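J.: Right, I'll just put the structure down here and ask away after.
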Amino acid sequence: MTDTIIGPYGIMMTMIIFLTPLLCWSFTRNQTDSRVPLNRIYSEIKEKKYYLHIMGYLLIVFWKQITDALNEPIKVKTGHYTDWVLAIEGEAVLWIQDVFSNGVLTDVLNFHYLFIYLFLIYVTTIYYMYTGERDLTDKVTLNYLLIYALAVPYYLFFNVEVTSSYIPGMEALLYHDGWYTDFYASHDPLDNCVPSLHIAIPFGILAINWLHVREKGIKMKEWKHLAYHRFILWNTILFAFAILYLGIHWIVDIPLGILVGGIGALFIHHV
């Protein structure tokens, strides 16, 4: 319990709690009339039942614990399918790591991989709550729940190991830093590559934004949340590079993540 509080996850979540109000303020500088006043936050949560969204995120945490507990027993019977993926794309990710290998880049991407991912998941819901976007708040929360639901069968019955544990010469750059090693050893089964949630979840948010704007008849370049949309876009692109470079995902995990995120967004938007 102490390790969780003072470890990478605990420190990252503490930073997120402190930085979320700053980011929400920063991205709404030109739309102050959209902000929910501080003295109305509690009543806003109560009136619009935002506590249900909080319960949704807690459900995911509980759900992940169950999935991780089932992973190893099921894997004994199903085995893994890493050979299939290796046969499709070979060792292309090793070339990416070798070409761009750099100590500073590794440290930056290690931080980005964990912190920005957690940040985008939680702050996006808060951001849309803060700007009075109830519809989008519902959709991005359901996006997280549905995408995880779509990914669970892959994680349980189609295990694919991380590239750094399977490709000779591929370094596990994400796990080199001792500060991160214990955290990932206890939280990451290292065989849940397909699909990449680091791609699926933010891409799902981007797709939801685009579908929402199109439905409202607004041009994306004129949308008041364009700056935040671009923030998600550029971080998604960086995720795509980081998951390959750090020795985590295969290239095929990226289009599969986009597919899962796109399907989830379409379903949520229309239903």
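Residue names in the structure tokens use chain letters A, B, ... in the order shown, residue numbers from 1 in each chain, and ligand numbers from 1 in the order shown.
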Give me the residues within 10 Å of segment 144-146 of chain A as a PyMOL selection string, counting only C-alpha atoms and dropping any in the same chain fewer than 6 places off.
T.: chain A and resi 56-57+59-60+63+121-122+197+200-202+204-205+260-261+263-265+267-268
J.: With only C-alpha atoms counted and 10 Å as the cut-off, give the residues of segment 86-121 of chain A in contact with segment 233-238 of chain A, each with its shortest interatomic distance in Å and the pair that gives it, as a tab-separated table.
T.:
```
residue	atom	partner	partner_atom	distance
A:Leu109	CA	A:Leu238	CA	8.5
A:His112	CA	A:Leu238	CA	8.6
A:Tyr113	CA	A:Leu238	CA	9.0
A:Ile116	CA	A:Asn235	CA	7.7
A:Tyr117	CA	A:Asn235	CA	8.7
A:Leu120	CA	A:Asn235	CA	9.0
```
J.: Report as an MDAnalysis selection string all protein, DNA and RNA residues lying within 12 Å of Ile45 of chain A, evaluated on only C-alpha atoms, omitting residues in the same chain fewer than 6 positions from it.
T.: chainID A and resid 36 38:39 51:54 126 129:130 132 134 137
J.: At a cut-off of 8 Å, using only C-alpha atoms, what residues contact Phe27 of chain A? Leave out same-chain residues fewer than 4 positions from it and give the result as a PyMOL selection string.
T.: chain A and resi 23+225+227-228
J.: My list of candidates is A:Trp25, A:Trp250, A:Phe62, A:Tyr245. Which is closest to Leu105 of chain A when distances are computed with only C-alpha atoms?
T.: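 Looking at the shortest contact to Leu105 of chain A, the residue is A:Tyr245.
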